[in-house]
Structure formats: structure tokens, C-alpha cells
Amino acid sequence: MANFSIATVFIASFSLLLALTHSFSPESPTDRRILVLLDDLALKSSHSIFFSSLQARGFELDFKLSDDPKIALQRYGQHLYDGLILFSPTTERFGGSLDVAAILDFVDSGKDLIVAADATASDLIRNIAAECGVDFDEDPSAVVIDHGSYAVSGTEGDHTLIAADDFIQSDVLLGSTKIEAPVLFKGIGHSLNPSNSLVLKVLSASPSAYSANPKSKLSTPPSLSGSSISLVSVVQARNNARAVFSGSLDLFSNKFFKSPVQKAGSSNKYAKSGNQQFVTELSKWVFHERGHLKAVNVRHHRVGETDEPAIYRITDDLEYFVEIYEWSGSSWEPYVANDVQVQFYMMSPYVLKTMSTNKKGLYHVSFKVPDVYGVFQFKVEYQRLGYTSLSLAKQIPVRPFRHNEYERFIPTAFPYYGASFSMMAGFFLFSFVYLYSK
């Protein structure tokens, strides 16, 4: 019996170690192990194109029903997954040890999240979104309706199927290839919490859209209307964890991927909607295949030297270097930008300069140490839309001149030297005149 227990523990430990070897790491930041929670296992086939695209890019998907009693995100204090996909909008309670607190802790630890809701979204899903700054319409019967930008279909008057094309203008979020065809959307809208500066709209509704129950007449103005309605939003936390919130589960479905689309009022007909391109590019961002930065080889020294000093002297000329790379999904590529700045900081920045780049990842700047001594920091605080933030700090003391380092005669003191000698000459002259004059 004892041998059996030891063998069981050994196998469990070996399995955990094997899983951790394929986990998220600074050298390979793309998520690899993703837990997918479903309301119904039929979603594996109805959304197979999306799942297949993830697997083709090297992701390991673990499918479970959302009420599976064996669901766990951690074991022995270690996370079992790098990402979580919630395609379970109707779930009132997750199985196992998973709850809202566990999911928030998962994100707080730097892991990533995709949440897809629909008109049947439960309070559980709404609470997870609200904790991240995304507020779904409180009316459980409300969906997004648009009489101006609906998708032309065989069911005339069904204006809950929307052809949305108001995308965020960001290559890092949606790729450099423009999404030509509108995206089909059928579901609920949400607003962004104004107190949360980390959440962004990726796909917005048109000015003619509103959120209401399509089966009843409006008796009061809708709570959500116009372009303030967000259809898909993203969050990048301060720890660089990423999350996507969609008000439509059908957005990821094979049916919407393959459907032709024509926006009402437009003569342009597309053989295929923009859903697949939109979802694929967004998934690359949320799982760190794009927009993930790292900074290495931070160094500084006096101009003309190569060794890093332990202390600088006021008015020294120095150089500061840092290399910045972006993860492309398979390798680190040089990151090229013209807005990377460095601060020479003590309580407040004494020097703030934009760094130049050789377009091979190396950033460089030179400046003169201010005429103030104390303990300074080289600081790089880089935050750009869609990219992981960089926060670099390196402390260095600055000393004044030693007594034997000053110039023998300071040029700026020449007027004082002249005043002293002229006074001595005047006193000598006055004494001579006073003593020898009759």
C-alpha cells in the first residue's frame, strides 16, 4: 500500500513537472497551455475553426465542461495553465475549486483570459467582467439592435445581427493587414468603467445602435446607445496580463466565420465575414504572440569609457544603452520606435531625453549629469497602446567635485579677482599719497 502511495505521488509530481516545462516563460512568453471551459461539448465542433487555429499555432487546449468537479487552475501552488477561455455564458457556478476569486487571482498572477457572453449570460460571467472594468447591460433580456448597420439576411427585420466595422486603429492589437469585411455580431453590449483606464474598446457599435429587448417596445430610453456600446473590449493589466471580453459567443463560431456579409445601406458584398481574421489577430495579441516586449543589456558609462562606474561626478558626460525586443510568436525581433525615453531621476526628473535607435533593437542616449549631487536613478517607463509595459530602474550616486578637482582659477570668478587686486592697489596708492604728500 505504501509503495502504491509513493508511486502515485511520484507520477503526479512528474506530470506537474512536465506541464511546467511547457509553461509561460520570459524567454518564450507565448501562452501554451490553455483551459477551455464550455457549457456544452458541442461547442468543440461548432467553434472548431477557432480552436484549430490555436492548436495549429502550438497551443495545448484542455477542454472541460464548466461544471466539471475536477476543474483546478493550481496544484501545489503552481498554475497548471497559462490561459483560460470561458465559452460558458450560462454557467451559474463553476465546478471544482474555480470561482470568481480564483479567476481574478489567475489574472493577477499574469495569466490571460478570454470571456465570451451572449443574451443568456449569467451573473457569474457578468461579475467576472465587472471586476475587470467591463459592465454588461443589466437588463437580462437586452441585446444590441441596430436599424442602420445590421447585416442583410433572409430574415427581414432581424436587426440583432449586426455588421460591425468600427475597429480600434492599432496594428499591434489587430495586425497590420486591414480587416476589409465587417464582423458579424449577435449578442449583448457593454460599457467600460470610466474609472478603469486599462480597458479599451476593440470593436464598437455604430451611432445608430442601442441595447434593448427586441421583443418589446421601448418605454424608456435605453441605458446603452450609440458608439458608447462596446461589442468587444480588451484589458491589459499593470502586470501585463491580458483579457478579452466579447458580448457574443457566436462571434467565434464556424457559422459566422464562413458566412457571407453585406452591411445594410452598402453595395459591397463579401463572400466571407471578417470574423475569422478579427478573432485570430485578437487571439494572437491576448496570448502574447504579438506586442510583448523585453528589455535586456541595460548599461551606462562615461563618454569614451566602457566600464560602468560605481559613482558619477556632477557635469560628467555619460551614455545610457538598452536593448528592446518584441516577441513575434516564435522569436525575438528588434523593436523599433521613436518614443522611448529615459529619465535621470531624483524625486523628480532632472533629465528627460528621447533615445535614438539603430533599428536593430539598441537604444542609446548621451547627456551631461546635472550640477546636483545625490542618489539618482536611470528610469525607463514605457507604456504604449497594446504593448506590454516596460519599467526599468537603475540607481547610481552622483558626487560633487573634490577639493582638488576644481580649476585653480575659475573663469567666472575673474571679476572678483579683479576687485580684490584693484582694492589692494588702491589701498597702496592711497597710503603712499597720504604718507608722502605735504
# chains A, B, ... in the order shown; residues from 1 in each chain; ligands from 1
>>> residues_around(residues="Ser206 of chain A", least_positions_apart="4", cutoff="7 Å", atoms="only C-alpha atoms", output="PyMOL selection string")
chain A and resi 149+226-227
>>> write_last_selection(atoms="N, CA, C and O atoms", output="PDB file, in the first residue's frame")
ATOM      1  N   SER A 149     -27.031  49.620 -39.231  1.00  0.00           N
ATOM      2  CA  SER A 149     -25.838  48.859 -39.618  1.00  0.00           C
ATOM      3  C   SER A 149     -26.027  47.377 -39.373  1.00  0.00           C
ATOM      4  O   SER A 149     -25.103  46.687 -38.955  1.00  0.00           O
ATOM      5  N   GLY A 226     -25.676  54.028 -29.129  1.00  0.00           N
ATOM      6  CA  GLY A 226     -24.670  54.651 -29.972  1.00  0.00           C
ATOM      7  C   GLY A 226     -23.287  54.029 -29.849  1.00  0.00           C
ATOM      8  O   GLY A 226     -23.119  52.869 -29.455  1.00  0.00           O
ATOM      9  N   SER A 227     -22.300  54.833 -30.160  1.00  0.00           N
ATOM     10  CA  SER A 227     -20.924  54.343 -30.170  1.00  0.00           C
ATOM     11  C   SER A 227     -20.365  54.085 -28.779  1.00  0.00           C
ATOM     12  O   SER A 227     -19.253  53.563 -28.646  1.00  0.00           O
TER      13      SER A 227
END
>>> closest_atom_pairs(of="segment 344-422 of chain A", to="segment 234-252 of chain A", cutoff="8 Å", atoms="only C-alpha atoms", output="Markdown table")
| residue | atom | partner | partner_atom | distance |
| --- | --- | --- | --- | --- |
| A:Gly386 | CA | A:Gln236 | CA | 7.7 |
| A:Thr388 | CA | A:Asn240 | CA | 5.5 |
| A:Ser389 | CA | A:Asn240 | CA | 6.9 |
>>> atom_distance(atom1="atom CA of Phe376 of chain A", atom2="atom CA of Met347 of chain A")
8.5 Å
>>> residues_around(residues="Ile125 of chain A", least_positions_apart="3", cutoff="9 Å", atoms="only C-alpha atoms", output="PyMOL selection string")
chain A and resi 86+88-92+100+115-117+121-122+128-130
>>> write_last_selection(atoms="C-alpha atoms", output="PDB file, in the first residue's frame")
ATOM      1  CA  LEU A  86     -14.634  30.841 -20.887  1.00  0.00           C
ATOM      2  CA  SER A  88     -19.759  29.118 -20.874  1.00  0.00           C
ATOM      3  CA  PRO A  89     -22.067  32.143 -20.676  1.00  0.00           C
ATOM      4  CA  THR A  90     -24.959  30.337 -18.947  1.00  0.00           C
ATOM      5  CA  THR A  91     -22.903  28.808 -16.144  1.00  0.00           C
ATOM      6  CA  GLU A  92     -24.147  29.870 -12.722  1.00  0.00           C
ATOM      7  CA  VAL A 100     -14.651  34.480  -9.405  1.00  0.00           C
ATOM      8  CA  VAL A 115     -14.612  35.588 -21.928  1.00  0.00           C
ATOM      9  CA  ALA A 116     -17.491  35.231 -24.396  1.00  0.00           C
ATOM     10  CA  ALA A 117     -21.035  36.056 -23.275  1.00  0.00           C
ATOM     11  CA  ALA A 121     -25.109  35.488 -19.709  1.00  0.00           C
ATOM     12  CA  SER A 122     -25.255  34.520 -16.041  1.00  0.00           C
ATOM     13  CA  ILE A 128     -16.069  38.436 -13.740  1.00  0.00           C
ATOM     14  CA  ALA A 129     -16.374  41.097 -16.438  1.00  0.00           C
ATOM     15  CA  ALA A 130     -17.343  43.820 -13.939  1.00  0.00           C
TER      16      ALA A 130
END
>>> select_by_dssp(residues="segment 168-386 of chain A", states="strand (DSSP E)", output="PyMOL selection string")
chain A and resi 183-185+190-192+199-204+209-212+230-236+242-246+261-262+269-270+292-302+312-313+317-327+332-334+341-346+348-354+356-357+362-368+374-382
>>> residues_around(residues="Val298 of chain A", least_positions_apart="6", cutoff="9 Å", atoms="only C-alpha atoms", output="number ranges by chain")
A: 320-323, 392, 394
>>> select_by_dssp(residues="segment 81-307 of chain A", states="helix (DSSP H, G or I)", output="PyMOL selection string")
chain A and resi 100-108+123-131+171-174+226-228+250-252+254-258+275-286
>>> atom_distance(atom1="atom CA of Ser283 of chain A", atom2="atom CA of His79 of chain A")
20.7 Å
>>> closest_residue(among="A:Lys64, A:Gly426, A:Arg57, A:Leu231", to="Leu41 of chain A", atoms="only C-alpha atoms")
A:Lys64
>>> closest_atom_pairs(of="segment 385-426 of chain A", to="segment 306-311 of chain A", cutoff="9 Å", atoms="only C-alpha atoms", output="Markdown table")
| residue | atom | partner | partner_atom | distance |
| --- | --- | --- | --- | --- |
| A:Ile396 | CA | A:Ile311 | CA | 6.1 |
| A:Pro397 | CA | A:Ile311 | CA | 5.2 |
| A:Val398 | CA | A:Ile311 | CA | 5.8 |
| A:Arg399 | CA | A:Ile311 | CA | 7.2 |
>>> closest_residue(among="A:Ser48, A:Ser437, A:Ser191, A:Ser391", to="Val296 of chain A", atoms="only C-alpha atoms")
A:Ser391
>>> closest_residue(among="A:Leu98, A:Val143, A:Val261, A:Leu104", to="Ala163 of chain A", atoms="only C-alpha atoms")
A:Val261
